[in-house]
Structures are given as C-alpha cells and as structure tokens.
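Shown here: query_29.tsv, TSV, C-alpha atoms.
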chain	number	residue	atom	x	y	z
A	254	MET	CA	-32.68	17.36	-5.88
A	255	ARG	CA	-36.28	17.13	-4.70
A	256	VAL	CA	-37.78	14.20	-2.81
A	257	SER	CA	-40.68	14.25	-5.26
A	258	GLN	CA	-38.18	13.37	-8.03
A	259	LEU	CA	-35.78	11.18	-6.03
A	260	TYR	CA	-35.69	7.42	-6.63
A	261	CYS	CA	-35.19	6.29	-3.04
A	262	PRO	CA	-37.65	3.52	-2.04
A	263	THR	CA	-37.22	3.37	1.75
A	264	LEU	CA	-38.42	0.42	3.83
A	265	LYS	CA	-39.90	0.35	7.34
A	266	GLU	CA	-38.19	-2.96	8.07
A	267	ALA	CA	-35.18	-4.72	6.58
A	268	PRO	CA	-35.48	-8.14	4.93
A	269	ARG	CA	-34.71	-11.07	7.22
A	270	GLU	CA	-31.57	-11.91	5.26
A	271	ALA	CA	-29.88	-8.72	6.47
A	272	GLU	CA	-27.76	-9.83	9.44
A	273	VAL	CA	-25.67	-6.73	10.19
A	274	ILE	CA	-26.73	-3.14	10.72
A	275	SER	CA	-24.98	-1.75	7.62
A	276	HIS	CA	-26.81	-4.22	5.39
A	277	GLN	CA	-30.12	-3.51	7.12
A	278	LEU	CA	-29.80	0.26	6.92
A	279	MET	CA	-28.62	0.39	3.31
A	280	LEU	CA	-31.60	-1.72	2.27
A	281	ARG	CA	-34.02	0.32	4.37
A	282	ALA	CA	-32.57	3.64	3.16
A	283	GLY	CA	-33.10	2.66	-0.48
A	284	MET	CA	-29.37	2.61	-1.30
A	285	ILE	CA	-28.90	-0.97	-2.51
A	286	ARG	CA	-30.98	-3.94	-3.65
A	287	LYS	CA	-29.90	-7.56	-3.92
A	288	SER	CA	-29.56	-8.94	-7.44
A	289	ALA	CA	-28.05	-12.34	-6.53
A	290	ALA	CA	-26.08	-13.81	-3.63
A	291	GLY	CA	-23.32	-11.31	-2.86
A	292	ILE	CA	-24.22	-9.11	-5.85
A	293	TYR	CA	-26.03	-5.78	-5.44
A	294	SER	CA	-27.52	-3.00	-7.52
A	295	TYR	CA	-26.75	0.53	-6.33
A	296	LEU	CA	-29.64	2.96	-6.33
A	297	PRO	CA	-28.99	6.73	-6.74
A	298	LEU	CA	-28.10	7.48	-3.10
A	299	GLY	CA	-25.86	4.43	-2.69
A	300	TYR	CA	-24.09	5.15	-5.96
A	301	LYS	CA	-23.59	8.79	-5.02
A	302	ILE	CA	-21.89	7.75	-1.77
A	303	LEU	CA	-19.58	5.41	-3.69
A	304	ARG	CA	-18.66	8.29	-6.00
A	305	LYS	CA	-17.81	10.50	-3.02
A	306	CYS	CA	-15.49	7.76	-1.72
A	307	GLU	CA	-13.87	7.55	-5.14
A	308	ALA	CA	-13.36	11.30	-5.33
A	309	ILE	CA	-11.46	11.35	-2.04
A	310	ILE	CA	-9.31	8.42	-3.12
A	311	ARG	CA	-8.52	10.00	-6.49
A	312	GLU	CA	-7.53	13.30	-4.90
A	313	GLU	CA	-5.07	11.64	-2.50
A	314	MET	CA	-3.67	9.26	-5.14
A	315	ASN	CA	-3.07	12.13	-7.52
A	316	VAL	CA	-1.31	14.10	-4.77
A	317	VAL	CA	1.36	11.37	-4.44
A	318	GLY	CA	1.81	11.13	-8.19
A	319	ALA	CA	-0.12	7.95	-8.88
A	320	GLN	CA	-1.71	7.78	-12.33
A	321	GLU	CA	-5.13	6.31	-13.05
A	322	VAL	CA	-5.61	3.47	-15.52
A	323	HIS	CA	-8.46	1.09	-16.28
A	324	LEU	CA	-7.65	-2.61	-16.62
A	325	PRO	CA	-9.94	-5.32	-18.01
A	326	MET	CA	-12.17	-7.17	-15.57
A	327	VAL	CA	-11.89	-10.31	-17.74
A	328	THR	CA	-8.34	-11.68	-17.64
A	329	ALA	CA	-6.65	-14.48	-19.56
A	330	SER	CA	-5.66	-17.69	-17.78
A	331	SER	CA	-2.23	-17.55	-19.43
A	332	LEU	CA	-1.21	-14.62	-17.24
A	333	TRP	CA	-2.30	-16.40	-14.07
A	334	GLN	CA	-0.46	-19.52	-15.16
A	335	GLU	CA	2.78	-17.54	-15.40
A	336	THR	CA	2.59	-16.81	-11.67
A	337	GLU	CA	1.17	-20.27	-10.86
A	338	ARG	CA	-1.90	-18.68	-9.30
A	339	TRP	CA	-4.36	-20.20	-11.79
A	340	ASP	CA	-4.36	-23.37	-9.68
A	341	LYS	CA	-3.32	-21.94	-6.31
A	342	TYR	CA	-5.97	-19.21	-6.02
A	343	GLY	CA	-8.77	-21.73	-5.52
A	344	LYS	CA	-12.49	-21.67	-6.18
A	345	GLU	CA	-12.83	-17.94	-5.47
A	346	LEU	CA	-11.46	-17.45	-8.99
A	347	LEU	CA	-14.52	-17.54	-11.26
A	348	ARG	CA	-13.28	-19.24	-14.43
A	349	PHE	CA	-14.94	-19.65	-17.81
A	350	THR	CA	-14.12	-20.40	-21.45
A	351	ASP	CA	-15.04	-18.35	-24.47
A	352	ARG	CA	-16.42	-19.73	-27.77
A	353	HIS	CA	-12.87	-20.51	-28.92
A	354	ASN	CA	-12.19	-22.58	-25.77
A	355	ASN	CA	-9.80	-19.98	-24.36
A	356	GLU	CA	-9.81	-19.87	-20.57
A	357	PHE	CA	-10.49	-16.65	-18.67
A	358	CYS	CA	-11.45	-15.49	-15.21
A	359	LEU	CA	-13.19	-12.50	-13.67
A	360	GLY	CA	-10.41	-10.53	-12.00
A	361	PRO	CA	-10.38	-10.64	-8.19
A	362	THR	CA	-7.13	-8.65	-8.27
A	363	HIS	CA	-4.85	-7.40	-11.05
A	364	GLU	CA	-1.19	-8.11	-10.24
A	365	GLU	CA	-0.73	-10.27	-13.35
A	366	VAL	CA	-2.48	-7.87	-15.71
A	367	ILE	CA	-0.59	-4.78	-14.57
A	368	THR	CA	2.76	-6.61	-14.64
A	369	ASP	CA	2.06	-7.75	-18.18
A	370	LEU	CA	1.22	-4.17	-19.13
A	371	VAL	CA	4.41	-2.57	-17.83
A	372	ARG	CA	6.81	-5.31	-18.93
A	373	ASN	CA	6.02	-4.33	-22.49
A	374	GLU	CA	6.34	-0.59	-21.89
A	375	LEU	CA	8.83	0.29	-19.12
A	376	ARG	CA	12.36	-0.33	-20.37
A	377	SER	CA	14.79	1.78	-18.35
A	378	TYR	CA	15.50	2.73	-14.75
A	379	LYS	CA	15.13	6.33	-15.93
A	380	GLN	CA	11.37	5.74	-16.26
A	381	LEU	CA	11.03	4.65	-12.62
A	382	PRO	CA	9.38	4.88	-10.17
A	383	VAL	CA	5.87	4.49	-11.59
A	384	ASN	CA	2.64	4.10	-9.59
A	385	LEU	CA	-0.57	3.14	-11.45
A	386	TYR	CA	-4.03	2.81	-9.92
A	387	GLN	CA	-7.59	2.02	-10.87
A	388	ILE	CA	-11.03	1.99	-9.25
A	389	GLN	CA	-12.86	-0.95	-10.72
A	390	THR	CA	-15.26	-3.84	-10.17
A	391	LYS	CA	-13.76	-7.09	-8.84
A	392	PHE	CA	-15.29	-10.53	-8.48
A	393	ARG	CA	-14.44	-13.22	-5.95
A	394	ASP	CA	-16.66	-16.28	-5.82
A	395	GLU	CA	-17.01	-16.35	-2.04
A	396	THR	CA	-18.20	-19.64	-0.55
A	397	ARG	CA	-20.59	-17.82	1.73
A	398	PRO	CA	-21.27	-14.22	0.74
A	399	ARG	CA	-22.89	-12.39	3.65
A	400	PHE	CA	-23.25	-9.12	5.51
A	401	GLY	CA	-24.26	-7.17	2.40
A	402	LEU	CA	-21.36	-5.09	1.07
A	403	MET	CA	-19.03	-6.40	3.78
A	404	ARG	CA	-18.53	-9.80	2.18
A	405	GLY	CA	-19.89	-9.67	-1.35
A	406	ARG	CA	-18.84	-11.49	-4.49
A	407	GLU	CA	-18.91	-8.44	-6.77
A	408	PHE	CA	-17.43	-5.31	-5.24
A	409	LEU	CA	-15.76	-2.01	-6.05
A	410	MET	CA	-12.06	-1.76	-5.26
A	411	LYS	CA	-9.26	0.73	-5.67
A	412	ASP	CA	-6.03	-1.08	-6.43
A	413	SER	CA	-2.68	0.46	-7.26
A	414	TYR	CA	0.67	-1.02	-8.21
A	415	SER	CA	4.09	0.55	-7.89
A	416	PHE	CA	7.24	-0.24	-9.85
A	417	ASP	CA	10.61	0.74	-8.41
A	418	ALA	CA	14.22	0.08	-9.28
A	419	ASP	CA	15.44	-1.14	-5.89
A	420	GLU	CA	14.41	-1.96	-2.32
A	421	GLU	CA	15.17	1.53	-1.03
A	422	SER	CA	12.90	3.15	-3.57
A	423	LEU	CA	10.15	0.60	-2.89
A	424	ALA	CA	10.40	1.32	0.85
A	425	GLU	CA	9.88	5.04	0.15
A	426	THR	CA	6.87	4.35	-2.07
A	427	TYR	CA	5.40	1.97	0.51
A	428	ILE	CA	5.62	4.60	3.27
A	429	THR	CA	4.21	7.27	0.95
A	430	MET	CA	1.20	5.07	0.19
A	431	ILE	CA	0.59	4.27	3.86
A	432	GLU	CA	0.56	7.98	4.67
A	433	ALA	CA	-1.79	8.64	1.75
A	434	TYR	CA	-4.11	5.90	3.04
A	435	LYS	CA	-4.11	7.46	6.50
A	436	ARG	CA	-5.27	10.75	4.99
A	437	ILE	CA	-7.96	8.96	2.98
A	438	PHE	CA	-9.43	7.17	5.99
A	439	LYS	CA	-9.31	10.31	8.10
A	440	ARG	CA	-11.33	12.06	5.39
A	441	PHE	CA	-13.78	9.16	5.46
A	442	GLY	CA	-14.41	10.09	9.08
A	443	VAL	CA	-13.74	6.66	10.61
A	444	GLU	CA	-11.72	5.42	13.56
A	445	PHE	CA	-9.14	3.02	12.15
A	446	ARG	CA	-5.88	1.25	12.89
A	447	VAL	CA	-2.91	0.34	10.70
A	448	VAL	CA	-1.98	-3.22	11.65
A	449	GLU	CA	0.72	-5.71	10.78
A	450	ALA	CA	-0.83	-8.42	8.62
A	451	ASP	CA	-0.35	-11.68	6.77
A	452	SER	CA	0.30	-11.34	3.02
A	453	GLY	CA	-2.01	-14.26	2.19
A	454	SER	CA	-2.61	-15.21	-1.44
A	455	ILE	CA	-1.15	-11.92	-2.75
A	456	GLY	CA	2.32	-12.75	-1.43
A	457	GLY	CA	5.30	-10.51	-0.80
A	458	SER	CA	7.69	-9.82	2.05
A	459	SER	CA	5.45	-7.72	4.30
A	460	SER	CA	2.03	-6.13	4.45
A	461	ALA	CA	-0.21	-3.92	6.56
A	462	GLU	CA	-3.98	-3.71	6.85
A	463	PHE	CA	-6.21	-0.73	7.53
A	464	MET	CA	-8.92	-1.76	9.97
A	465	VAL	CA	-12.08	0.17	10.80
A	466	LEU	CA	-12.91	-0.66	14.40
A	467	ALA	CA	-16.37	-2.24	14.74
A	468	ASP	CA	-17.93	-5.03	16.80
A	469	VAL	CA	-19.11	-6.81	13.66
A	470	GLY	CA	-15.58	-7.01	12.24
A	471	GLU	CA	-14.44	-10.44	11.14
A	472	ASP	CA	-10.80	-9.77	12.08
A	473	LEU	CA	-9.37	-9.76	15.58
A	474	VAL	CA	-6.78	-7.05	16.22
A	475	ILE	CA	-4.33	-6.76	19.10
A	476	GLU	CA	-3.08	-3.35	20.21
A	477	CYS	CA	-0.32	-2.13	22.49
A	478	PRO	CA	-1.14	1.20	24.20
A	479	ASP	CA	2.52	1.70	25.14
A	480	CYS	CA	4.08	1.73	21.66
A	481	MET	CA	0.90	1.79	19.51
A	482	TYR	CA	1.86	-1.49	17.81
A	483	ALA	CA	-1.13	-3.25	16.24
A	484	ALA	CA	-1.49	-6.52	14.37
A	485	ASN	CA	-4.06	-8.89	12.93
A	486	THR	CA	-4.01	-12.00	15.15
A	487	GLU	CA	-3.76	-14.13	11.98
A	488	ILE	CA	-0.01	-13.52	11.89
A	489	PHE	CA	0.47	-15.11	15.34
A	490	GLY	CA	-0.85	-18.55	14.42
A	491	ASP	CA	-1.52	-20.51	17.63
A	492	LEU	CA	0.12	-17.90	19.85
A	493	LYS	CA	-2.14	-15.87	22.11
A	494	PRO	CA	-1.91	-12.07	22.14
A	495	GLU	CA	-1.54	-12.09	25.92
A	496	SER	CA	2.54	-13.62	23.22
A	497	LEU	CA	4.08	-9.98	25.18
A	498	CYS	CA	4.02	-7.05	22.69
A	499	PRO	CA	6.45	-8.13	19.94
A	500	SER	CA	7.49	-4.52	19.46
A	501	CYS	CA	8.23	-3.27	23.00
A	502	ASN	CA	7.67	-6.34	25.22
A	503	GLY	CA	4.89	-4.50	27.03
A	504	ALA	CA	2.25	-6.58	28.76
A	505	ASN	CA	-0.80	-4.39	28.19
A	506	LEU	CA	-2.03	-5.82	24.89
A	507	SER	CA	-5.76	-5.53	24.26
A	508	GLU	CA	-8.07	-7.07	21.68
A	509	THR	CA	-10.63	-5.41	19.45
A	510	ARG	CA	-12.50	-6.31	16.28
A	511	GLY	CA	-11.96	-4.64	12.95
A	512	ILE	CA	-13.22	-4.55	9.38
A	513	GLU	CA	-10.42	-4.74	6.82
A	514	VAL	CA	-10.94	-1.89	4.37
A	515	GLY	CA	-7.42	-1.48	3.01
A	516	HIS	CA	-4.33	-3.61	2.50
A	517	VAL	CA	-0.83	-2.67	1.32
A	518	PHE	CA	1.91	-5.10	0.28
A	519	LYS	CA	5.61	-5.05	-0.43
A	520	LEU	CA	5.58	-7.52	-3.29
A	521	GLY	CA	9.25	-7.17	-4.13
A	522	GLN	CA	10.05	-9.36	-7.15
A	523	GLU	CA	7.29	-11.91	-6.42
A	524	TYR	CA	5.55	-11.26	-9.75
A	525	SER	CA	8.20	-9.55	-11.85
A	526	LYS	CA	10.58	-12.53	-11.68
A	527	LYS	CA	7.91	-15.09	-12.56
A	528	MET	CA	6.60	-12.96	-15.42
A	529	LYS	CA	10.07	-11.89	-16.63
A	530	ALA	CA	9.18	-8.23	-16.21
A	531	THR	CA	12.52	-6.45	-16.30
A	532	PHE	CA	14.07	-3.06	-16.98
A	533	VAL	CA	17.63	-2.04	-17.80
A	534	ASP	CA	19.40	-0.85	-14.64
A	535	LYS	CA	22.19	1.75	-14.38
A	536	ASP	CA	24.80	-0.92	-15.06
A	537	GLY	CA	23.10	-1.85	-18.33
A	538	ARG	CA	21.81	-5.20	-17.10
A	539	PRO	CA	18.18	-6.42	-17.01
A	540	LYS	CA	16.66	-6.44	-13.52
A	541	PRO	CA	13.17	-7.43	-12.29
A	542	PHE	CA	10.98	-4.59	-11.02
A	543	MET	CA	10.54	-4.11	-7.29
A	544	MET	CA	6.76	-4.00	-6.92
A	545	GLY	CA	4.21	-2.86	-4.36
A	546	CYS	CA	0.44	-3.33	-4.34
A	547	TYR	CA	-2.12	-1.21	-2.46
A	548	GLY	CA	-5.87	-1.84	-2.21
A	549	ILE	CA	-8.96	-0.20	-0.73
A	550	GLY	CA	-12.34	-1.93	-0.68
A	551	VAL	CA	-14.44	1.06	-1.73
A	552	SER	CA	-17.85	-0.58	-1.35
A	553	ARG	CA	-16.75	-2.17	1.93
A	554	VAL	CA	-15.75	1.27	3.23
A	555	VAL	CA	-19.36	2.40	2.86
A	556	ALA	CA	-20.57	-0.51	5.00
A	557	ALA	CA	-17.79	0.01	7.56
A	558	VAL	CA	-18.65	3.69	8.03
A	559	ILE	CA	-22.27	2.75	8.76
A	560	GLU	CA	-21.23	0.04	11.23
A	561	GLN	CA	-19.26	2.65	13.13
A	562	SER	CA	-21.69	5.55	12.80
A	563	HIS	CA	-25.40	4.87	13.31
A	564	ASP	CA	-28.10	4.88	15.96
A	565	HIS	CA	-31.56	3.36	16.38
A	566	LYS	CA	-32.96	5.89	13.89
A	567	GLY	CA	-30.57	5.18	11.03
A	568	ILE	CA	-27.25	6.19	9.48
A	569	LYS	CA	-25.10	9.10	10.68
A	570	TRP	CA	-22.93	10.08	7.72
A	571	PRO	CA	-19.88	12.33	7.98
A	572	PHE	CA	-20.14	15.34	5.67
A	573	SER	CA	-17.47	13.90	3.36
A	574	LEU	CA	-19.59	10.89	2.37
A	575	ALA	CA	-23.19	11.97	2.98
A	576	PRO	CA	-25.53	11.61	-0.02
A	577	PHE	CA	-26.65	15.18	0.73
A	578	GLU	CA	-25.20	17.65	3.21
A	579	VAL	CA	-28.54	19.33	3.97
A	580	VAL	CA	-32.21	18.45	3.74
A	581	VAL	CA	-34.83	21.21	3.82
A	582	MET	CA	-38.13	19.85	5.13
A	583	ILE	CA	-41.39	21.74	4.56
A	584	SER	CA	-43.78	20.72	7.32
A	585	LYS	CA	-46.92	21.38	5.26
A	586	THR	CA	-46.39	21.60	1.52
A	587	LYS	CA	-50.00	22.69	0.95
A	588	ASP	CA	-49.32	25.89	2.87
A	589	GLU	CA	-48.25	28.35	0.18
A	590	VAL	CA	-46.23	30.52	2.57
A	591	LEU	CA	-44.24	27.55	3.92
A	592	TYR	CA	-43.76	26.03	0.50
A	593	GLU	CA	-42.46	29.28	-0.96
A	594	ALA	CA	-40.10	29.79	2.00
A	595	GLY	CA	-38.76	26.22	1.72
A	596	GLU	CA	-38.31	26.56	-2.03
A	597	ARG	CA	-36.42	29.84	-1.66
A	598	LEU	CA	-34.18	28.42	1.07
A	599	TYR	CA	-33.46	25.35	-1.06
A	600	LYS	CA	-32.35	27.49	-4.00
A	601	ASP	CA	-30.27	29.82	-1.81
A	602	LEU	CA	-28.48	26.85	-0.24
A	603	GLN	CA	-27.77	25.43	-3.69
A	604	ALA	CA	-26.39	28.79	-4.80
A	605	SER	CA	-24.10	28.83	-1.75
A	606	GLY	CA	-22.55	25.54	-2.87
A	607	ALA	CA	-24.33	23.18	-0.47
A	608	ASP	CA	-25.37	19.71	-1.61
A	609	VAL	CA	-29.04	19.98	-0.63
A	610	LEU	CA	-32.23	17.92	-0.83
A	611	LEU	CA	-35.68	19.51	-0.66
A	612	ASP	CA	-38.36	17.35	0.94
A	613	ASP	CA	-41.32	18.71	-0.96
A	614	SER	CA	-43.40	15.55	-0.49
A	615	SER	CA	-46.93	15.63	0.91
A	616	ASP	CA	-45.94	13.30	3.77
A	617	SER	CA	-46.31	14.35	7.39
A	618	ILE	CA	-43.38	16.06	9.07
A	619	GLY	CA	-42.99	13.02	11.32
A	620	PHE	CA	-42.53	10.77	8.30
A	621	LYS	CA	-40.05	13.23	6.79
A	622	PHE	CA	-38.00	13.16	10.01
A	623	LYS	CA	-37.91	9.36	9.95
A	624	ASP	CA	-36.63	9.24	6.38
A	625	ALA	CA	-34.07	12.01	6.95
A	626	ASP	CA	-32.75	10.20	10.05
A	627	LEU	CA	-32.72	6.85	8.26
A	628	ILE	CA	-30.79	8.18	5.25
A	629	GLY	CA	-28.43	10.04	7.57
A	630	ILE	CA	-28.26	13.54	6.09
A	631	PRO	CA	-26.04	15.60	8.46
A	632	ILE	CA	-28.13	18.81	8.58
A	633	GLN	CA	-31.93	18.97	8.76
A	634	VAL	CA	-33.62	22.35	8.26
A	635	VAL	CA	-37.31	22.46	9.19
A	636	VAL	CA	-39.54	25.15	7.72
A	637	GLY	CA	-42.71	24.93	9.78
A	638	ARG	CA	-44.88	26.58	12.42
A	639	GLN	CA	-42.05	28.72	13.81
A	640	PHE	CA	-41.55	30.32	10.42
A	641	LEU	CA	-45.20	31.39	10.32
A	642	GLU	CA	-44.96	32.84	13.83
A	643	SER	CA	-41.54	34.49	13.85
A	644	GLN	CA	-39.70	33.91	10.54
A	645	GLU	CA	-37.52	31.29	12.26
A	646	VAL	CA	-36.51	27.74	11.30
A	647	GLU	CA	-35.17	24.79	13.27
A	648	ILE	CA	-31.83	23.21	12.40
A	649	ILE	CA	-30.96	19.72	13.65
A	650	GLN	CA	-27.50	18.18	13.41
A	651	ARG	CA	-27.80	14.45	12.75
A	652	LEU	CA	-24.40	13.50	14.19
A	653	THR	CA	-24.88	15.20	17.56
A	654	GLY	CA	-28.64	15.66	17.83
A	655	GLU	CA	-28.10	19.35	18.60
A	656	LYS	CA	-31.11	21.56	17.78
A	657	THR	CA	-30.92	25.26	16.99
A	658	VAL	CA	-33.70	27.75	16.26
A	659	MET	CA	-32.61	30.78	14.22
A	660	SER	CA	-33.77	33.48	11.93
A	661	TYR	CA	-34.50	32.36	8.39
A	662	LYS	CA	-32.01	34.89	6.98
A	663	ASP	CA	-29.12	33.42	9.04
A	664	VAL	CA	-29.48	29.85	7.82
A	665	ILE	CA	-27.11	30.05	4.85
A	666	SER	CA	-24.10	31.32	6.79
A	667	TYR	CA	-24.77	28.89	9.66
A	668	VAL	CA	-24.95	25.88	7.32
A	669	GLN	CA	-21.76	26.97	5.56
A	670	THR	CA	-20.01	27.02	8.95
A	671	LEU	CA	-21.21	23.50	9.81
A	672	VAL	CA	-20.23	22.03	6.47
A	673	LYS	CA	-16.72	23.50	6.63

Structure translated into structure tokens:
Amino acid sequence: MRVSQLYCPTLKEAPREAEVISHQLMLRAGMIRKSAAGIYSYLPLGYKILRKCEAIIREEMNVVGAQEVHLPMVTASSLWQETERWDKYGKELLRFTDRHNNEFCLGPTHEEVITDLVRNELRSYKQLPVNLYQIQTKFRDETRPRFGLMRGREFLMKDSYSFDADEESLAETYITMIEAYKRIFKRFGVEFRVVEADSGSIGGSSSAEFMVLADVGEDLVIECPDCMYAANTEIFGDLKPESLCPSCNGANLSETRGIEVGHVFKLGQEYSKKMKATFVDKDGRPKPFMMGCYGIGVSRVVAAVIEQSHDHKGIKWPFSLAPFEVVVMISKTKDEVLYEAGERLYKDLQASGADVLLDDSSDSIGFKFKDADLIGIPIQVVVGRQFLESQEVEIIQRLTGEKTVMSYKDVISYVQTLVK
C-alpha cells in the first residue's frame, strides 16, 4: 500500500470528547470515527487491526477444536423469556418490535440462541463434547458509553460456547479454553492477568476474567506475589483486599487497575435446564448439557493494547497487530534517485513477505515521521541523504527507539530478522 492511495485522515489534535489515550490516538491516527454515542466506523487501518486480532483468535480456537459459526444479531424475545433474562437483563437490552408486533432485541450475548440451536441438533452423548464460536457484532445499550472502544454500545466480540456431558468434561474444556486464551493474549503482546471474577448477569458456578493492566482500567484487581492469586475486587463485596490472600493467607496483596478483555464462565446447567436442552446419556436417559461460555472483546483489545503501549508521539504496536510491519519513507519524492530507490525497496520488502507501506507523499520528512510515529508502525526505513552519499538507509524501531544505519542491500534480511 502507498500513502498516496491510503485512506487515513490523521489529525493533529483529538476531539475534546476523547477522554482516554486510546480513544485520542485512534481518532488522531485515522483509525475510527464516531457515528453516534458509543458507535464507531472503522477506517481501513482500524479495520485491518481488528482483522489481525480475529486471525489470532481463529488460529487458537481452531487448535483446540472449536468450530466457527455465525449467529443472528437480532434475537427473538421468546428465547430470552425461557431463561427469564428478558426482564432481568435490564435496559442494556435494546428491544424493538417488528411490523407483526413480534418482540426482538439486538444480541448483547448469545447463550439463548446457541442453546436453542444445539437442543434441536445434538441428541446423544456420543456427539459430545462440542465447542462452537463466533466473532460478531454485539450491542449493549450502555447508560453512559465512553472511552471510545473501551465502553461502546456496538462492539466486536468473540464468544464461544461448549457443551459437555458431565462436570469432569466441562472442567477439562474450561481449562483448555483458559490456556488457549493465555496464548491469544501473549500473541497480542500485552501484559495481562487471569483473575477470579463475579459471574454477573451471565450466571454460572464460577468465572475468570482476563485483565490487561492499565491505569485507565475500570476494574480494580488484587494480586498475591506469593502464590500468584489474582481477583477482581468485585467478588469481595465490602471486604478490603488488605481480607489476607484467600488462597495462601499471605499478607502481601497489592492493587492494580485492569481492563477486562476476556471472560470465561462455567455455566453448568444454568441455561440447558431452563431451555430443556438435553441429550441422551449412556444410561439412555435425557440429561441437560453441561455448558461453558468464553468471550473476548475484540474491539476492546485494540484499545487496551494502545493504553498499555504508547508514548507522547503515538501508538507503539506489537508486530502481531500492527497495521503495517514496515514503512518506507522517501525523504524527497521529487528526487528521482531517492524515489526509485524507495520504490525498489518497497517492492523487494513486499516480495520478502513483509506487510509494508510506502510513504510516497510529497510531505516533508518531518511530517512523515510524525504520522509514522502516530500510527505506530514498528519499523521505519528512511531513504534519504545518506543513500545519496553512501548507499545507506536509516532504520528506526518504533518500540525501542533504536536507530541503525546500514547498507541498502542489507535491509531485507535485517527487517526479516526483526519481524520474526
């Protein structure tokens, strides 16, 4: 891709409404634009980052044998009434009626829909376990949407649902999913914690949250350095975390703030009993499914990564999520020698498999640096004065700030090393 063709309207300053750094930088970097309160349009770079998140999630879900489905965003009230959540869920559930006066809602989560699907298809214990997932738009009518993608009304979520025959099998699936989530968040390049959590409106016997550590996080997390126990303080009620470590009785608990980006639940028979979703067990009798539910806020992940990885210049993406791995900047595009060298390097990097952007704009090199830093591309390659003097280019690593001057012919192999 060339900057001259890229739709990426960057801003010098963020709108006043942007309260947190991730919201500010995504607006300034031309990645998102507000459509309505808590609802955003994704521009090419923002959408590309979302797709990279999705790709990582799909790879890890497929590894553990989960199968992808796509469920409707519009769901019938009758399903929610079976679980009694039509009234209990509250005003976050955006309800409406169609022309035939049938009641529907925009799905904030899909436990009812998926349970309805499998109760009509899975008949025998021989078909279990089954784990189904989707990556799809959700809608929750937040009272006060804020912080950009951190607390929006419309958002992208990965949610999966497991169906097992008994508690032992569910426990195995639950652990498998937690380990898969750990791999996913490591690949996202964030510092995170797995914490004991409250099951909230989803229900179930137990749950755990995946928290990206960040000062702007709305959740307070306690940690024990002795046994590595961690929990959301919500589960303690009025008790204070200085309530000894509940795992080892250690007295060194500390507090930190986190952004919830993932949540896993042992639902048990919470939904299958209410919805009469049963299978025939080994003894020939009908038995409700043992269920689990596992979510990742995909769009929230993008914001959380930025909150944890940025500086005064802009975003600092890890390679796994960066909109481009490399940007080649031509200092003076009117200089035919420089332009030809930049063009050749751009094509060679593409041929090597790198995801590369060519800044072929007529802007000054200073302006190009500002945009590259703002967008957060990990590797910046500058074709400028040094090339004219000695056939050398400068390479800058966005994450570390390290600068290296090297021969033009060595750039490809060096970039390949950095990306790997």

For this session: Find, counting all atoms listed in the file, the residue in A:Met254, A:Leu466, A:Pro398, A:Gln334 that gets nearest to Glu560 in chain A.
Result: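 Checking each of A:Met254, A:Leu466, A:Pro398, A:Gln334 against Glu560 in chain A, counting all atoms listed in the file, the winner is A:Leu466.
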
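The two atoms in question, CA of Ile428 in chain A and CA of Val383 in chain A, are spaced 14.9 Å apart.
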
Problem set entry | Using all atoms listed in the file: which of A:Val634, A:Leu652, A:Val443, A:Ile488 has the shortest distance to His563 in chain A | A:Leu652

For this session: Could you check how far CA of Lys600 in chain A sits from CA of Thr586 in chain A, in Å to one decimal?
Result: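 Calculated distance between CA of Lys600 in chain A and CA of Thr586 in chain A is 16.2 Å.
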
Exercise. Of the candidates A:Ala556, A:Val474, A:Ile388, A:Ile665, which shows the shortest atom-to-atom distance to Gln320 in chain A, using all atoms listed in the file?
Worked result: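 Among the listed residues, the smallest separation from Gln320 in chain A belongs to A:Ile388.
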
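A straight line drawn from CA of Tyr599 in chain A to CA of Lys662 in chain A is 12.6 Å long.
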
Problem set entry | For Ser413 in chain A, the nearest of the candidates A:Gly550, A:Gly654, A:Pro268, A:Gly545, counting only C-alpha atoms |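 Distance minimum relative to Ser413 in chain A lands on A:Gly545.
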
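Restricting the calculation to all atoms listed in the file, the smallest distance between Lys623 in chain A and any of A:Val590, A:Arg510, A:Arg651, A:Ser643 is found for A:Arg651.
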
Exercise. Closest to Gly442 in chain A among A:Ala329, A:Ala484, A:Ala575, A:Leu370, using all atoms listed in the file?
Worked result: A:Ala575

For this session: Name the residues, using the chain letters and numbers of the file, that sit within 10 Å of (-13.0, -13.9, -12.9) when counting all atoms listed in the file, and give them as a count of residues only.
Result: 20
